Amino acid sequence: MIKYYLMNKLKNTKLISFFITLIILFLLPASVLLAALRLLVQSTPVSAVNDIEVSDYDSDGVGEIITSGPDRRIYMYENNGALVYTSNQVSGTAFSQLLSIPPQLGSPDYGLLITDTQRAFFNLQTRSTAPLWTNTVASGWVYVAQADSGDLNGDGLYDFANVRYRSATNVFRVQVVRAVNGVQISETGNLTGNIDFLLLDNLGNSIYDSLIFSSNAPRLYIYNYNPSTGGLAQAASVALSQRYTFMAVVSDTNGDNRRDVAAATYLTTGNNGIDIRSGTNGSLLAQLRVAGAGVPVSIATSDFDKDGFTEVVVGSGGTDLKVRVYKAGRNLSLLYQSPTLSGSPFVRTSDFDYDGTPDIAVADGNNLRLIKYNPSTAQFDMVETSSAIS
C-alpha cells in the first residue's frame, strides 16, 4: 500500500506519467516492469491527478493503478495503460486523499476516496461505479488528509483513521472507521490546530493497532485501543519544539518491548534530522540534527543490515535535495547522505532486484535511481540511474 508518503507531493499534473511509473516500479513483478514502464510513461490521464495507488484490485495476478484528483472520481488503469473503470463522482468541492484498503484479511484492496465533505468506499473487484457506503462530514467541519489504514481492534476487519477539521475554532478530531461498512469505531476529542502526519500501526506488544499523529500546534499524540470500552485511550500528548511532518514506526530502541516512532523534523531554517520518540509515552529517546538538511518530503524504512534495528530513509526538499539514511538504534546515527539530486527525492524501500538485500528507489525531478546497500562493506551506493523521463 502506498499510503501517503507522497501525499500532497503529486500536485504537478504534468508529471503524472512519471509518478505512475514510479509506483509501478515499487509494486509490479519484475517480469512486467519494463513493459509497464514503457507503456505508462506515455499514457495520458483522463483527469488531473493528485494521488495514486497500486494493487491487484481484480485478483488477476497483475497490478492495476487507481488515480483521483479534483473531479473526485476514481479511475483505474490496467498495467498496459488502458482505462478500465471510472467511479461515480463523490460529493464535495475539493479532493483530499485516495487510499487502498482491504475490507478484511485475505480480501483484495478496495478504493477509499475522501473529499472535503464525503468519504466513499468502492469495490474495485466488481468495478461497481456506485460506492458501497458514504460518510458525510458534520456541518461546519471538513475532512482533510491525512488518512491511514490498519486494524485498530485486532478483529481481522480493516479500519482507517481520518481527520475532520473545523477552521472556525481551529480544532481537529481523528476518527477511526471500519472500512467494510463505514461505521465509526472511535473518535478523539477536539485537539488544537490541524493534522501534520498520521499513522495507524501496530507497536508490537498486542494484537491492537495504535493511533500515532502529530499536529501543527506542534504536538505529538499516541492513542491505544481500549478493549474494555471499545474506544481510544490517550497514552501520550507531548508538546514539541518543532513540527513532525513525516513519521514512521521503527524497532524497539529502548528495550521496553514496544516499537518506537521516528519523526523527521520540519525546520524551515534547515539543520533538520530525526527524533526517536517512545511508542509507550512519546518521550524523546534520541535526536540527531544534520547541518544543512532541508525539510522532509518523504520517508521510508527498512532493516538493511538485518541487525534488528530499523534504518530510516528521508528525502529532503527545498535547496537540499538529498537522501539520508539514519540508524534508529539505541545510538541514533547518520549512515548515508546522497549527492545533491535534481529534484525533491521521494523514496521507497524494497528488495527491487531480488538479491536478498533491501534497496532504496528514489524519484527526483524526472529521474529514477536505485541506492543499494552492500552487506560486505556496510556502505550505500547509488548504482543505477535511469535516463530522464520527459
# chains A, B, ... in the order shown; residues from 1 in each chain; ligands from 1
>>> closest_atom_pairs(of="range 270-319 of chain A", to="range 221-225 of chain A", cutoff="10 Å", atoms="only C-alpha atoms", output="CSV")
residue,atom,partner,partner_atom,distance
A:Ser278,CA,A:Ile222,CA,9.8
A:Gly279,CA,A:Ile222,CA,7.7
A:Thr280,CA,A:Ile222,CA,8.1
A:Asn281,CA,A:Ile222,CA,7.4
A:Gly282,CA,A:Ile222,CA,7.1
>>> write_last_selection(atoms="N, CA, C and O atoms", output="PDB file, in the first residue's frame")
ATOM      1  N   SER A 278       9.389   7.547  22.141  1.00  0.00           N
ATOM      2  CA  SER A 278       8.915   6.305  22.735  1.00  0.00           C
ATOM      3  C   SER A 278       7.509   5.987  22.243  1.00  0.00           C
ATOM      4  O   SER A 278       6.616   6.845  22.251  1.00  0.00           O
ATOM      5  N   GLY A 279       7.304   4.733  21.832  1.00  0.00           N
ATOM      6  CA  GLY A 279       5.979   4.300  21.455  1.00  0.00           C
ATOM      7  C   GLY A 279       5.075   4.086  22.646  1.00  0.00           C
ATOM      8  O   GLY A 279       3.870   3.895  22.481  1.00  0.00           O
ATOM      9  N   THR A 280       5.638   4.147  23.845  1.00  0.00           N
ATOM     10  CA  THR A 280       4.845   3.974  25.071  1.00  0.00           C
ATOM     11  C   THR A 280       4.251   5.286  25.536  1.00  0.00           C
ATOM     12  O   THR A 280       3.044   5.377  25.808  1.00  0.00           O
ATOM     13  N   ASN A 281       5.086   6.332  25.634  1.00  0.00           N
ATOM     14  CA  ASN A 281       4.601   7.594  26.202  1.00  0.00           C
ATOM     15  C   ASN A 281       5.018   8.835  25.413  1.00  0.00           C
ATOM     16  O   ASN A 281       4.774   9.949  25.860  1.00  0.00           O
ATOM     17  N   GLY A 282       5.653   8.638  24.256  1.00  0.00           N
ATOM     18  CA  GLY A 282       6.026   9.774  23.421  1.00  0.00           C
ATOM     19  C   GLY A 282       7.258  10.533  23.868  1.00  0.00           C
ATOM     20  O   GLY A 282       7.612  11.547  23.251  1.00  0.00           O
TER      21      GLY A 282
END
>>> residues_around(residues="range 314-318 of chain A", least_positions_apart="5", cutoff="7 Å", atoms="only C-alpha atoms", output="list in words")
Ala293, Gly294, Val295, Pro296, Val297, Ser298, Ile299, Ala300, Val323, Arg324, Val325, Ser344, Pro345, Phe346 and Val347 of chain A
>>> write_last_selection(atoms="all heavy atoms", output="CSV table (one decimal), in the first residue's frame")
chain,number,residue,atom,x,y,z
A,293,ALA,N,20.5,20.1,6.4
A,293,ALA,CA,19.4,19.2,5.9
A,293,ALA,C,18.1,20.0,5.8
A,293,ALA,O,17.7,20.7,6.7
A,293,ALA,CB,19.2,18.1,6.9
A,294,GLY,N,17.5,19.8,4.6
A,294,GLY,CA,16.2,20.5,4.3
A,294,GLY,C,15.0,19.9,4.9
A,294,GLY,O,15.1,18.9,5.6
A,295,VAL,N,13.9,20.5,4.6
A,295,VAL,CA,12.6,19.9,5.2
A,295,VAL,C,12.3,18.6,4.5
A,295,VAL,O,12.6,18.4,3.3
A,295,VAL,CB,11.5,20.9,5.0
A,295,VAL,CG1,11.7,22.2,5.7
A,295,VAL,CG2,11.2,21.2,3.5
A,296,PRO,N,11.7,17.6,5.2
A,296,PRO,CA,11.5,16.3,4.7
A,296,PRO,C,10.3,16.4,3.7
A,296,PRO,O,9.4,17.1,3.8
A,296,PRO,CB,11.1,15.5,5.9
A,296,PRO,CG,10.5,16.5,6.9
A,296,PRO,CD,11.3,17.7,6.7
A,297,VAL,N,10.4,15.5,2.6
A,297,VAL,CA,9.4,15.4,1.6
A,297,VAL,C,8.9,14.0,1.5
A,297,VAL,O,7.9,13.7,0.9
A,297,VAL,CB,9.8,15.9,0.3
A,297,VAL,CG1,10.0,17.4,0.3
A,297,VAL,CG2,11.0,15.2,-0.3
A,298,SER,N,9.6,13.0,2.1
A,298,SER,CA,9.2,11.6,2.0
A,298,SER,C,10.0,10.8,3.1
A,298,SER,O,11.0,11.3,3.6
A,298,SER,CB,9.5,11.0,0.6
A,298,SER,OG,10.9,11.1,0.3
A,299,ILE,N,9.5,9.6,3.4
A,299,ILE,CA,10.1,8.8,4.4
A,299,ILE,C,9.8,7.3,4.1
A,299,ILE,O,8.8,7.0,3.5
A,299,ILE,CB,9.6,9.1,5.8
A,299,ILE,CG1,10.4,8.5,6.9
A,299,ILE,CG2,8.1,8.7,6.0
A,299,ILE,CD1,10.1,9.1,8.3
A,300,ALA,N,10.8,6.5,4.4
A,300,ALA,CA,10.6,5.0,4.2
A,300,ALA,C,11.5,4.4,5.3
A,300,ALA,O,12.4,5.0,5.8
A,300,ALA,CB,11.0,4.6,2.8
A,323,VAL,N,19.1,12.4,-0.2
A,323,VAL,CA,18.5,11.3,0.5
A,323,VAL,C,19.5,10.9,1.7
A,323,VAL,O,20.7,10.9,1.4
A,323,VAL,CB,18.4,10.1,-0.4
A,323,VAL,CG1,18.0,8.8,0.4
A,323,VAL,CG2,17.3,10.4,-1.5
A,324,ARG,N,18.9,10.8,2.9
A,324,ARG,CA,19.8,10.4,4.0
A,324,ARG,C,19.2,9.1,4.7
A,324,ARG,O,18.0,9.0,4.7
A,324,ARG,CB,19.8,11.5,5.0
A,324,ARG,CG,20.5,12.8,4.5
A,324,ARG,CD,20.5,13.9,5.5
A,324,ARG,NE,21.3,15.0,5.1
A,324,ARG,CZ,20.9,16.0,4.3
A,324,ARG,NH1,19.6,16.0,3.9
A,324,ARG,NH2,21.6,17.0,3.9
A,325,VAL,N,20.1,8.3,5.2
A,325,VAL,CA,19.7,7.1,5.8
A,325,VAL,C,20.2,7.2,7.3
A,325,VAL,O,21.4,7.4,7.5
A,325,VAL,CB,20.3,5.8,5.2
A,325,VAL,CG1,19.8,4.6,5.9
A,325,VAL,CG2,19.9,5.8,3.7
A,344,SER,N,13.1,17.2,-5.7
A,344,SER,CA,12.8,16.7,-4.4
A,344,SER,C,12.7,15.2,-4.4
A,344,SER,O,12.0,14.6,-5.3
A,344,SER,CB,11.4,17.3,-3.9
A,344,SER,OG,11.5,18.6,-3.7
A,345,PRO,N,13.4,14.5,-3.6
A,345,PRO,CA,13.5,13.0,-3.7
A,345,PRO,C,12.4,12.3,-2.9
A,345,PRO,O,12.3,12.5,-1.7
A,345,PRO,CB,14.9,12.7,-3.1
A,345,PRO,CG,15.2,13.8,-2.1
A,345,PRO,CD,14.4,15.0,-2.6
A,346,PHE,N,11.6,11.5,-3.6
A,346,PHE,CA,10.6,10.6,-3.0
A,346,PHE,C,11.1,9.2,-2.9
A,346,PHE,O,11.6,8.7,-3.9
A,346,PHE,CB,9.3,10.7,-3.8
A,346,PHE,CG,8.8,12.1,-3.9
A,346,PHE,CD1,8.9,12.8,-5.1
A,346,PHE,CD2,8.2,12.7,-2.8
A,346,PHE,CE1,8.5,14.2,-5.2
A,346,PHE,CE2,7.7,14.0,-2.9
A,346,PHE,CZ,7.9,14.7,-4.1
A,347,VAL,N,11.1,8.6,-1.8
A,347,VAL,CA,11.8,7.3,-1.5
A,347,VAL,C,10.9,6.2,-1.2
A,347,VAL,O,9.8,6.4,-0.6
A,347,VAL,CB,12.8,7.5,-0.4
A,347,VAL,CG1,13.9,8.5,-0.8
A,347,VAL,CG2,12.2,7.9,0.9
>>> residues_around(residues="Glu311 in chain A", least_positions_apart="3", cutoff="9 Å", atoms="only C-alpha atoms", output="NGL selection string")
:A and (250 or 300-305 or 325-329 or 335)
>>> residues_around(residues="Asn88 in chain A", least_positions_apart="3", cutoff="7 Å", atoms="only C-alpha atoms", output="list in words")
Arg73, Thr129 and Ala130 of chain A
>>> residues_around(residues="Gly255 in chain A", least_positions_apart="2", cutoff="12 Å", atoms="only C-alpha atoms", output="list in words")
Ser251, Asp252, Thr253, Asn257, Arg258, Arg259, Asp260, Ser278, Gly279, Thr280, Leu285, Phe309, Gly329 and Arg330 of chain A
>>> closest_atom_pairs(of="range 65-108 of chain A", to="range 171-186 of chain A", cutoff="8 Å", atoms="only C-alpha atoms", output="CSV")
residue,atom,partner,partner_atom,distance
A:Ile101,CA,A:Ala179,CA,7.3
A:Pro102,CA,A:Ala179,CA,7.7
A:Pro103,CA,A:Val180,CA,4.8
A:Gln104,CA,A:Val180,CA,7.5
>>> write_last_selection(atoms="N, CA and C atoms", output="CSV table (one decimal), in the first residue's frame")
chain,number,residue,atom,x,y,z
A,101,ILE,N,-7.6,0.0,0.6
A,101,ILE,CA,-7.8,-0.7,1.8
A,101,ILE,C,-8.6,-2.0,1.6
A,102,PRO,N,-8.1,-3.2,2.1
A,102,PRO,CA,-8.9,-4.4,2.0
A,102,PRO,C,-10.0,-4.4,3.1
A,103,PRO,N,-11.2,-4.8,2.9
A,103,PRO,CA,-12.2,-4.8,3.9
A,103,PRO,C,-11.9,-5.7,5.1
A,104,GLN,N,-11.2,-6.8,4.8
A,104,GLN,CA,-10.8,-7.8,5.8
A,104,GLN,C,-9.6,-8.6,5.3
>>> decode(residues="range 249-324 of chain A", atoms="C-alpha atoms", output="short mmCIF file (atom, residue, chain, number, x, y, z; two decimals), in the first residue's frame")
data_model
loop_
_atom_site.label_atom_id
_atom_site.label_comp_id
_atom_site.auth_asym_id
_atom_site.auth_seq_id
_atom_site.Cartn_x
_atom_site.Cartn_y
_atom_site.Cartn_z
CA VAL A 249 7.18 3.21 13.29
CA VAL A 250 10.60 1.67 13.95
CA SER A 251 12.09 -1.11 16.07
CA ASP A 252 12.20 -1.02 19.87
CA THR A 253 15.12 1.28 20.68
CA ASN A 254 14.81 1.50 24.48
CA GLY A 255 14.16 -2.12 25.45
CA ASP A 256 10.57 -1.79 26.69
CA ASN A 257 9.24 -4.39 24.22
CA ARG A 258 7.28 -1.77 22.33
CA ARG A 259 8.20 -0.33 18.96
CA ASP A 260 9.06 3.35 18.81
CA VAL A 261 8.47 6.24 16.41
CA ALA A 262 10.98 8.01 14.17
CA ALA A 263 9.95 11.58 13.33
CA ALA A 264 11.53 13.72 10.62
CA THR A 265 11.75 17.29 11.88
CA TYR A 266 10.30 20.24 9.97
CA LEU A 267 12.54 23.26 10.43
CA THR A 268 12.40 25.88 7.68
CA THR A 269 15.75 27.22 8.89
CA GLY A 270 17.49 23.96 7.87
CA ASN A 271 19.56 21.61 10.04
CA ASN A 272 16.77 19.04 10.11
CA GLY A 273 17.13 15.48 11.24
CA ILE A 274 15.43 12.68 13.14
CA ASP A 275 13.88 12.39 16.60
CA ILE A 276 13.14 8.99 18.14
CA ARG A 277 10.05 9.03 20.34
CA SER A 278 8.92 6.31 22.74
CA GLY A 279 5.98 4.30 21.45
CA THR A 280 4.84 3.97 25.07
CA ASN A 281 4.60 7.59 26.20
CA GLY A 282 6.03 9.77 23.42
CA SER A 283 9.11 10.79 25.40
CA LEU A 284 12.23 11.80 23.47
CA LEU A 285 14.71 8.91 23.33
CA ALA A 286 17.25 10.30 20.87
CA GLN A 287 17.73 13.13 18.39
CA LEU A 288 20.12 13.96 15.60
CA ARG A 289 20.42 17.13 13.52
CA VAL A 290 22.35 17.37 10.25
CA ALA A 291 23.84 20.67 9.11
CA GLY A 292 22.06 21.94 6.01
CA ALA A 293 19.41 19.22 5.94
CA GLY A 294 16.25 20.54 4.28
CA VAL A 295 12.63 19.93 5.17
CA PRO A 296 11.45 16.32 4.67
CA VAL A 297 9.35 15.40 1.64
CA SER A 298 9.24 11.60 2.01
CA ILE A 299 10.09 8.79 4.41
CA ALA A 300 10.60 5.03 4.25
CA THR A 301 12.06 2.33 6.49
CA SER A 302 13.88 -0.99 6.26
CA ASP A 303 16.46 -3.08 8.13
CA PHE A 304 19.22 -3.07 5.54
CA ASP A 305 21.93 -4.70 7.66
CA LYS A 306 19.48 -7.13 9.35
CA ASP A 307 20.65 -6.35 12.86
CA GLY A 308 17.13 -5.98 14.25
CA PHE A 309 17.18 -2.18 14.28
CA THR A 310 15.33 -0.10 11.69
CA GLU A 311 17.01 2.27 9.26
CA VAL A 312 15.02 5.37 8.33
CA VAL A 313 15.32 6.87 4.84
CA VAL A 314 14.37 10.53 4.47
CA GLY A 315 14.18 12.58 1.29
CA SER A 316 14.79 16.31 1.81
CA GLY A 317 13.43 19.14 -0.32
CA GLY A 318 14.00 22.85 -0.69
CA THR A 319 17.52 23.51 -1.91
CA ASP A 320 18.92 20.44 -0.13
CA LEU A 321 17.58 17.67 -2.44
CA LYS A 322 19.33 14.74 -0.78
CA VAL A 323 18.52 11.27 0.54
CA ARG A 324 19.75 10.40 4.01
#
